Amino acid sequence: MSQQTEPLDVEGLREDFPILQREFDGTQLVYLDNAATTQSPRQVVETITDYYYEYNANVHRGIHQLSQEASVAYEDAHDRVAEFVGADGREELVFTKGTTESMNLVAYAWGLEELGPGDEVVLTEMEHHSSLVTWQQICKRTGAECKYIPITDDGYLDMEAAEDMITDDTEMVSAVHVSNTLGTVNPVSDLADLAHDHDAYMFVDAAQSVPNRPVDVKEIDADFLAFSGHKMCGPTGIGALYGKEHILEEMEPYLYGGEMILKVTYEDATWNELPWKYEAGTPPISQGIAFAEACDYLDEIGLENIRRHEAELAEYAYEQLTQYDDVEVYGPPADDRGGLVAFNLEDVHAHDLSSILNDSAVAIRAGDHCTQPLHDVLGATASARASFYLYNTKDEVDRLVEAVDDARQLFA
Ligand code: PMP
């Protein structure tokens with residue numbers, strides 16, 4: 001895993017992303033919706049076209065040359081993505097549709113089997129709906145209880161409360177690594193220690209961290225960790241679940257069908273080896289191979305470089321936006337956050353703000369960002385969110401701030 005600390009050659013990198021050259025009515029696009037999905041560089045897109053032009057075939061089952069080429073590339077992609085997060089290899093890395101499916105896989109395969117009345121699942125108040133709703137519903141079905149670690153006024157996790165809440169009744173702690181609304185970087189390794197002190201598992205939602213900082217599953221000591229390809233220069237429809245091998249061995253499959261079996265009779269079936277046991281049916285082959293290419297692309301740039309670049313942009317945006325008293329930015333201070341800022345402009349609904357920004361070709365997100373209960377805690381029905389990635393510039397932050405000023409004038 002790369003640890004270089006060089007400034008990014010952003011202008012050079014932008015050439016890899018043709019979509020960033022798009023103009024709307026002669027105004028160049030400023031794409032600041034990266035927490036929702038990132039753009040893909042030529043290298044990743046060409047991996048997909050190469051696959052369809054050169055070796056498109058179903059994997060695992062074919063003896064013919066094309067199928068063998070596709071199988072090797074698809075299987076190797078698991079090792080590459082595993083390596084990207086410090087896992088030992090494909091046995092610990094299941095391809096899924098994304099973070100949401102990874103979460104559901106564990107909730108169904110482990111949670112439905114293992115949870116019951118008296119058991120507790122400890123989440124945080126800043127969970128994305130993909131974790132919050134999933135565990136909430138599995139708890140309802142099993143009689144277990146969901147608890148939420150509160151946040152402090154400045155948007156950090158209240159770790160003292162966490163220490164009290166994680167007890168011998170806790171079976172699972174599931175926490176978001178970097179909050180997609182607050183930008184808070186949570187101490188997931190400390191949470192993992194607390195979970196393990198009480199023989200509970202630790203699930204890390206790394207959808208907003210794996211794309212933009214070095215993440216090592218062993219350093220965190222996560223039992224499970226989930227992330228999505230489309231938030232890290234890869235295609236949609238592909239993501240990953242890391243799981244410790246012995247746990248993945250013990251769990252029952254989540255989906256049944258072809259590919260995931262070893263031996264089938266009319267009476268029973270046995271399961272394929274890891275990770276195929278959890279990948280029933282024809283998998284997303286080109287997406288998986290392109291996911292690995294995205295890992296190569298990011299490693300080439302250096303994850304630590306990306307982290308620092310994003311943090312600089314977020315700090316700059318925070319400072320520029322809060323020059324005005326009528327802007328409220330949520331979450332930790334400017335110099336201690338991931339690469340996004342969620343905010344509200346007084347008396348202007350986030351949807352109106354986003355629509356005005358769109359008139360200036362500035363793409364941000366408005367809404368609850370799949371964190372409705374957190375917005376209740378913040379006392380806001382919605383917020384506007386600008387989120388940055390490796391190809392964004394300070395000039396683009398200036399365009400954001402100017403467009404927010406236009407909205408201010410319009411509603412004055
Ligand atoms: N968790 C977090 C923190 C996220 O930001 C997102 C995506 N917005 C998800 C989970 C869900 O990811 P996906 O939609 O790719 O499954």
# chains A, B, ... in the order shown; residues from 1 in each chain; ligands from 1
>>> select_by_dssp(residues="segment 171-245 of chain A", states="helix (DSSP H, G or I)", output="list of chain:residue names")
A:Val188, A:Ser189, A:Asp190, A:Leu191, A:Ala192, A:Asp193, A:Leu194, A:Ala195, A:His196, A:Asp197, A:Val217, A:Lys218, A:Glu219, A:Ile220, A:Gly229, A:His230, A:Lys231, A:Glu245
>>> write_last_selection(atoms="all heavy atoms", output="CSV table (one decimal), in the first residue's frame")
chain,number,residue,atom,x,y,z
A,188,VAL,N,-12.4,3.4,14.2
A,188,VAL,CA,-13.0,2.1,14.0
A,188,VAL,C,-12.1,1.0,14.7
A,188,VAL,O,-12.6,0.0,15.1
A,188,VAL,CB,-13.3,1.8,12.5
A,188,VAL,CG1,-14.6,2.4,12.1
A,188,VAL,CG2,-12.1,2.1,11.6
A,189,SER,N,-10.8,1.3,14.7
A,189,SER,CA,-10.0,0.3,15.4
A,189,SER,C,-10.2,0.3,16.9
A,189,SER,O,-10.2,-0.8,17.5
A,189,SER,CB,-8.5,0.7,15.0
A,189,SER,OG,-7.6,0.2,15.8
A,190,ASP,N,-10.5,1.4,17.5
A,190,ASP,CA,-10.8,1.4,18.9
A,190,ASP,C,-12.2,0.7,19.1
A,190,ASP,O,-12.4,0.0,20.1
A,190,ASP,CB,-10.9,2.9,19.5
A,190,ASP,CG,-9.6,3.6,19.4
A,190,ASP,OD1,-8.6,2.9,19.3
A,190,ASP,OD2,-9.6,4.9,19.5
A,191,LEU,N,-13.1,1.0,18.2
A,191,LEU,CA,-14.4,0.3,18.3
A,191,LEU,C,-14.2,-1.2,18.2
A,191,LEU,O,-14.9,-2.0,18.9
A,191,LEU,CB,-15.4,0.8,17.3
A,191,LEU,CG,-15.9,2.2,17.5
A,191,LEU,CD1,-16.7,2.7,16.3
A,191,LEU,CD2,-16.8,2.3,18.8
A,192,ALA,N,-13.3,-1.6,17.3
A,192,ALA,CA,-13.1,-3.1,17.1
A,192,ALA,C,-12.5,-3.6,18.4
A,192,ALA,O,-12.9,-4.7,18.8
A,192,ALA,CB,-12.1,-3.3,16.0
A,193,ASP,N,-11.6,-2.9,19.1
A,193,ASP,CA,-11.1,-3.4,20.4
A,193,ASP,C,-12.2,-3.6,21.4
A,193,ASP,O,-12.2,-4.6,22.1
A,193,ASP,CB,-10.0,-2.4,20.9
A,193,ASP,CG,-8.7,-2.4,20.1
A,193,ASP,OD1,-8.5,-3.4,19.3
A,193,ASP,OD2,-7.9,-1.5,20.3
A,194,LEU,N,-13.1,-2.6,21.4
A,194,LEU,CA,-14.2,-2.7,22.4
A,194,LEU,C,-15.1,-3.9,22.1
A,194,LEU,O,-15.5,-4.6,23.0
A,194,LEU,CB,-15.0,-1.4,22.4
A,194,LEU,CG,-14.4,-0.1,23.0
A,194,LEU,CD1,-15.4,1.1,22.8
A,194,LEU,CD2,-14.3,-0.4,24.5
A,195,ALA,N,-15.3,-4.0,20.8
A,195,ALA,CA,-16.2,-5.1,20.4
A,195,ALA,C,-15.5,-6.5,20.8
A,195,ALA,O,-16.2,-7.3,21.4
A,195,ALA,CB,-16.4,-5.1,18.9
A,196,HIS,N,-14.3,-6.6,20.5
A,196,HIS,CA,-13.6,-7.9,20.8
A,196,HIS,C,-13.4,-8.1,22.3
A,196,HIS,O,-13.4,-9.3,22.7
A,196,HIS,CB,-12.2,-7.9,20.0
A,196,HIS,CG,-12.4,-7.8,18.6
A,196,HIS,ND1,-11.4,-7.3,17.7
A,196,HIS,CD2,-13.4,-8.3,17.7
A,196,HIS,CE1,-11.9,-7.4,16.5
A,196,HIS,NE2,-13.0,-8.0,16.5
A,197,ASP,N,-13.3,-7.0,23.1
A,197,ASP,CA,-13.2,-7.2,24.5
A,197,ASP,C,-14.5,-8.0,25.0
A,197,ASP,O,-14.5,-8.5,26.1
A,197,ASP,CB,-13.2,-5.9,25.2
A,197,ASP,CG,-11.8,-5.3,25.1
A,197,ASP,OD1,-10.9,-6.0,24.7
A,197,ASP,OD2,-11.6,-4.0,25.4
A,217,VAL,N,-7.4,-3.8,6.7
A,217,VAL,CA,-8.4,-4.6,7.5
A,217,VAL,C,-7.7,-5.2,8.7
A,217,VAL,O,-8.3,-5.3,9.8
A,217,VAL,CB,-9.1,-5.7,6.7
A,217,VAL,CG1,-10.0,-5.1,5.7
A,217,VAL,CG2,-8.1,-6.6,6.0
A,218,LYS,N,-6.4,-5.5,8.6
A,218,LYS,CA,-5.7,-6.2,9.7
A,218,LYS,C,-5.4,-5.2,10.8
A,218,LYS,O,-5.4,-5.4,12.0
A,218,LYS,CB,-4.4,-6.9,9.2
A,218,LYS,CG,-4.6,-7.8,8.1
A,218,LYS,CD,-5.2,-9.2,8.5
A,218,LYS,CE,-5.6,-10.0,7.3
A,218,LYS,NZ,-6.2,-11.2,7.4
A,219,GLU,N,-5.0,-3.9,10.3
A,219,GLU,CA,-4.7,-2.9,11.3
A,219,GLU,C,-5.9,-2.5,12.1
A,219,GLU,O,-5.8,-2.3,13.3
A,219,GLU,CB,-4.1,-1.6,10.6
A,219,GLU,CG,-2.6,-1.6,10.5
A,219,GLU,CD,-2.2,-0.4,9.7
A,219,GLU,OE1,-2.8,0.7,9.7
A,219,GLU,OE2,-1.2,-0.6,8.9
A,220,ILE,N,-7.0,-2.4,11.4
A,220,ILE,CA,-8.3,-2.1,12.1
A,220,ILE,C,-8.7,-3.3,13.0
A,220,ILE,O,-9.3,-3.1,14.0
A,220,ILE,CB,-9.4,-1.8,11.1
A,220,ILE,CG1,-9.0,-0.5,10.3
A,220,ILE,CG2,-10.8,-1.6,11.8
A,220,ILE,CD1,-10.0,-0.2,9.1
A,229,GLY,N,-17.3,-0.3,-5.5
A,229,GLY,CA,-16.4,0.1,-6.6
A,229,GLY,C,-16.7,1.4,-7.2
A,229,GLY,O,-15.8,2.2,-7.6
A,230,HIS,N,-18.0,1.8,-7.3
A,230,HIS,CA,-18.4,3.0,-8.0
A,230,HIS,C,-18.0,4.3,-7.2
A,230,HIS,O,-18.1,5.4,-7.8
A,230,HIS,CB,-19.9,3.1,-8.3
A,230,HIS,CG,-20.7,3.2,-7.1
A,230,HIS,ND1,-21.3,4.4,-6.7
A,230,HIS,CD2,-21.2,2.3,-6.2
A,230,HIS,CE1,-22.0,4.2,-5.6
A,230,HIS,NE2,-21.9,2.9,-5.3
A,231,LYS,N,-17.5,4.1,-6.0
A,231,LYS,CA,-17.1,5.3,-5.2
A,231,LYS,C,-15.6,5.4,-5.3
A,231,LYS,O,-14.9,6.2,-4.6
A,231,LYS,CB,-17.5,5.2,-3.8
A,231,LYS,CG,-19.1,5.3,-3.6
A,231,LYS,CD,-19.5,5.3,-2.2
A,231,LYS,CE,-20.9,5.0,-2.0
A,231,LYS,NZ,-21.8,6.1,-2.4
A,245,GLU,N,-11.4,-15.1,7.4
A,245,GLU,CA,-11.7,-16.4,6.7
A,245,GLU,C,-12.5,-17.4,7.5
A,245,GLU,O,-13.4,-18.0,7.1
A,245,GLU,CB,-10.3,-17.0,6.2
A,245,GLU,CG,-10.5,-18.2,5.3
A,245,GLU,CD,-9.2,-18.7,4.8
A,245,GLU,OE1,-8.2,-18.0,4.9
A,245,GLU,OE2,-9.2,-19.9,4.3
>>> select_by_dssp(residues="segment 33-111 of chain A", states="strand (DSSP E or B)", output="mmCIF file with all heavy atoms, in the first residue's frame")
data_model
loop_
_atom_site.group_PDB
_atom_site.id
_atom_site.type_symbol
_atom_site.label_atom_id
_atom_site.label_comp_id
_atom_site.auth_asym_id
_atom_site.auth_seq_id
_atom_site.Cartn_x
_atom_site.Cartn_y
_atom_site.Cartn_z
ATOM 1 N N ASP A 33 -20.080 15.624 -6.577
ATOM 2 C CA ASP A 33 -21.007 14.635 -6.015
ATOM 3 C C ASP A 33 -20.305 13.285 -5.884
ATOM 4 O O ASP A 33 -20.879 12.234 -6.141
ATOM 5 C CB ASP A 33 -22.250 14.532 -6.903
ATOM 6 C CG ASP A 33 -23.385 13.813 -6.208
ATOM 7 O OD1 ASP A 33 -23.333 13.669 -4.959
ATOM 8 O OD2 ASP A 33 -24.323 13.372 -6.894
ATOM 9 N N LEU A 93 -12.328 -12.278 0.434
ATOM 10 C CA LEU A 93 -12.857 -11.138 -0.306
ATOM 11 C C LEU A 93 -13.957 -11.586 -1.261
ATOM 12 O O LEU A 93 -13.675 -12.221 -2.290
ATOM 13 C CB LEU A 93 -11.698 -10.488 -1.065
ATOM 14 C CG LEU A 93 -11.747 -9.022 -1.472
ATOM 15 C CD1 LEU A 93 -12.730 -8.783 -2.612
ATOM 16 C CD2 LEU A 93 -12.042 -8.107 -0.290
ATOM 17 N N VAL A 94 -15.204 -11.279 -0.897
ATOM 18 C CA VAL A 94 -16.357 -11.663 -1.703
ATOM 19 C C VAL A 94 -16.769 -10.465 -2.542
ATOM 20 O O VAL A 94 -16.865 -9.352 -2.023
ATOM 21 C CB VAL A 94 -17.541 -12.057 -0.784
ATOM 22 C CG1 VAL A 94 -18.763 -12.456 -1.604
ATOM 23 C CG2 VAL A 94 -17.130 -13.172 0.176
ATOM 24 N N PHE A 95 -17.007 -10.685 -3.832
ATOM 25 C CA PHE A 95 -17.570 -9.603 -4.648
ATOM 26 C C PHE A 95 -19.086 -9.570 -4.435
ATOM 27 O O PHE A 95 -19.753 -10.610 -4.445
ATOM 28 C CB PHE A 95 -17.252 -9.816 -6.132
ATOM 29 C CG PHE A 95 -15.879 -9.347 -6.549
ATOM 30 C CD1 PHE A 95 -15.438 -9.559 -7.848
ATOM 31 C CD2 PHE A 95 -15.026 -8.690 -5.667
ATOM 32 C CE1 PHE A 95 -14.169 -9.127 -8.257
ATOM 33 C CE2 PHE A 95 -13.757 -8.254 -6.066
ATOM 34 C CZ PHE A 95 -13.337 -8.477 -7.369
ATOM 35 N N THR A 96 -19.582 -8.353 -4.258
ATOM 36 C CA THR A 96 -21.020 -8.135 -4.084
ATOM 37 C C THR A 96 -21.413 -7.002 -5.024
ATOM 38 O O THR A 96 -20.579 -6.477 -5.745
ATOM 39 C CB THR A 96 -21.324 -7.699 -2.636
ATOM 40 O OG1 THR A 96 -20.649 -6.454 -2.390
ATOM 41 C CG2 THR A 96 -20.873 -8.735 -1.616
#
>>> residues_near_ligand(ligand="ligand 1", cutoff="6 Å", atoms="only C-alpha atoms and all ligand atoms", output="ChimeraX atom specification")
/A:36,98-100,128,130,176,179-180,205,207-208,228
>>> write_last_selection(atoms="N, CA, C and O atoms", output="mmCIF file, in the first residue's frame")
data_model
loop_
_atom_site.group_PDB
_atom_site.id
_atom_site.type_symbol
_atom_site.label_atom_id
_atom_site.label_comp_id
_atom_site.auth_asym_id
_atom_site.auth_seq_id
_atom_site.Cartn_x
_atom_site.Cartn_y
_atom_site.Cartn_z
ATOM 1 N N ALA A 36 -21.459 10.317 -3.693
ATOM 2 C CA ALA A 36 -22.529 9.485 -4.261
ATOM 3 C C ALA A 36 -21.933 8.513 -5.264
ATOM 4 O O ALA A 36 -22.175 7.308 -5.205
ATOM 5 N N GLY A 98 -22.202 -4.143 -3.923
ATOM 6 C CA GLY A 98 -21.724 -2.913 -3.294
ATOM 7 C C GLY A 98 -21.851 -3.012 -1.786
ATOM 8 O O GLY A 98 -22.172 -4.083 -1.229
ATOM 9 N N THR A 99 -21.619 -1.899 -1.129
ATOM 10 C CA THR A 99 -21.631 -1.870 0.331
ATOM 11 C C THR A 99 -22.969 -2.376 0.882
ATOM 12 O O THR A 99 -23.010 -3.140 1.848
ATOM 13 N N THR A 100 -24.056 -1.954 0.254
ATOM 14 C CA THR A 100 -25.386 -2.333 0.742
ATOM 15 C C THR A 100 -25.557 -3.847 0.725
ATOM 16 O O THR A 100 -26.030 -4.447 1.707
ATOM 17 N N HIS A 128 -25.228 5.169 7.737
ATOM 18 C CA HIS A 128 -25.954 5.246 6.471
ATOM 19 C C HIS A 128 -27.138 4.268 6.560
ATOM 20 O O HIS A 128 -27.057 3.259 7.266
ATOM 21 N N SER A 130 -27.945 2.032 4.701
ATOM 22 C CA SER A 130 -27.592 0.664 4.274
ATOM 23 C C SER A 130 -27.239 -0.203 5.478
ATOM 24 O O SER A 130 -27.488 -1.408 5.466
ATOM 25 N N VAL A 176 -19.773 3.221 10.647
ATOM 26 C CA VAL A 176 -19.286 3.836 9.418
ATOM 27 C C VAL A 176 -17.883 4.389 9.696
ATOM 28 O O VAL A 176 -17.643 4.976 10.746
ATOM 29 N N SER A 179 -18.004 9.272 7.821
ATOM 30 C CA SER A 179 -19.423 9.587 7.653
ATOM 31 C C SER A 179 -19.652 10.323 6.338
ATOM 32 O O SER A 179 -18.977 11.304 6.041
ATOM 33 N N ASN A 180 -20.657 9.845 5.578
ATOM 34 C CA ASN A 180 -20.948 10.468 4.283
ATOM 35 C C ASN A 180 -21.725 11.770 4.439
ATOM 36 O O ASN A 180 -22.001 12.445 3.457
ATOM 37 N N ASP A 205 -18.246 -0.092 7.828
ATOM 38 C CA ASP A 205 -18.763 0.426 6.564
ATOM 39 C C ASP A 205 -17.710 1.392 6.022
ATOM 40 O O ASP A 205 -17.595 2.524 6.477
ATOM 41 N N ALA A 207 -17.393 2.463 2.884
ATOM 42 C CA ALA A 207 -17.770 3.011 1.563
ATOM 43 C C ALA A 207 -17.103 4.351 1.293
ATOM 44 O O ALA A 207 -16.768 4.669 0.153
ATOM 45 N N GLN A 208 -16.912 5.151 2.362
ATOM 46 C CA GLN A 208 -16.338 6.490 2.168
ATOM 47 C C GLN A 208 -14.888 6.584 2.631
ATOM 48 O O GLN A 208 -14.352 7.686 2.742
ATOM 49 N N SER A 228 -17.573 -0.061 -1.991
ATOM 50 C CA SER A 228 -18.243 -0.074 -3.298
ATOM 51 C C SER A 228 -17.297 0.401 -4.395
ATOM 52 O O SER A 228 -16.636 1.430 -4.235
#
>>> closest_residue(among="A:Gly379, A:Gly288, A:Pro150, A:Gly367", to="Tyr51 of chain A", atoms="only C-alpha atoms")
A:Gly288
>>> closest_residue(among="A:Phe291, A:Tyr256, A:Gln137, A:Ala380", to="Thr236 of chain A", atoms="only C-alpha atoms")
A:Phe291
>>> residues_around(residues="Pro275 of chain A", least_positions_apart="6", cutoff="10 Å", atoms="only C-alpha atoms", output="list in words")
Glu75, His78, Gly89, Arg90, Glu91, Glu92, Leu93, Val94, Phe95, Leu241, Tyr242, Gly243, Glu245, Leu248, Glu249 and Met260 of chain A
>>> atom_distance(atom1="atom CA of Glu125 of chain A", atom2="atom CA of Gly237 of chain A")
27.3 Å
>>> closest_residue(among="A:Ala35, A:Ala317, A:Leu105, A:Leu357", to="Leu255 of chain A", atoms="only C-alpha atoms")
A:Leu105
>>> atom_distance(atom1="atom CA of Val401 of chain A", atom2="atom CA of Cys233 of chain A")
25.7 Å
>>> closest_residue(among="A:Glu293, A:Asp76, A:Glu113, A:Glu101", to="Val45 of chain A", atoms="only C-alpha atoms")
A:Glu293
>>> closest_residue(among="A:Thr152, A:Ser67, A:Thr184, A:Gln43", to="Ser209 of chain A", atoms="only C-alpha atoms")
A:Thr184
>>> closest_residue(among="A:Ala70, A:Val44, A:Val329, A:Leu115", to="Pro284 of chain A", atoms="only C-alpha atoms")
A:Ala70
>>> residues_around(residues="Glu250 of chain A", least_positions_apart="4", cutoff="12 Å", atoms="only C-alpha atoms", output="PyMOL selection string")
chain A and resi 106+109-110+113-114+243-246+271+273-274+277
>>> residues_around(residues="Leu298 of chain A", least_positions_apart="5", cutoff="12 Å", atoms="only C-alpha atoms", output="PyMOL selection string")
chain A and resi 1-3+8+13+40-41+43-44+81+84+210-214+229+231-234+291-293+303-307+389-391
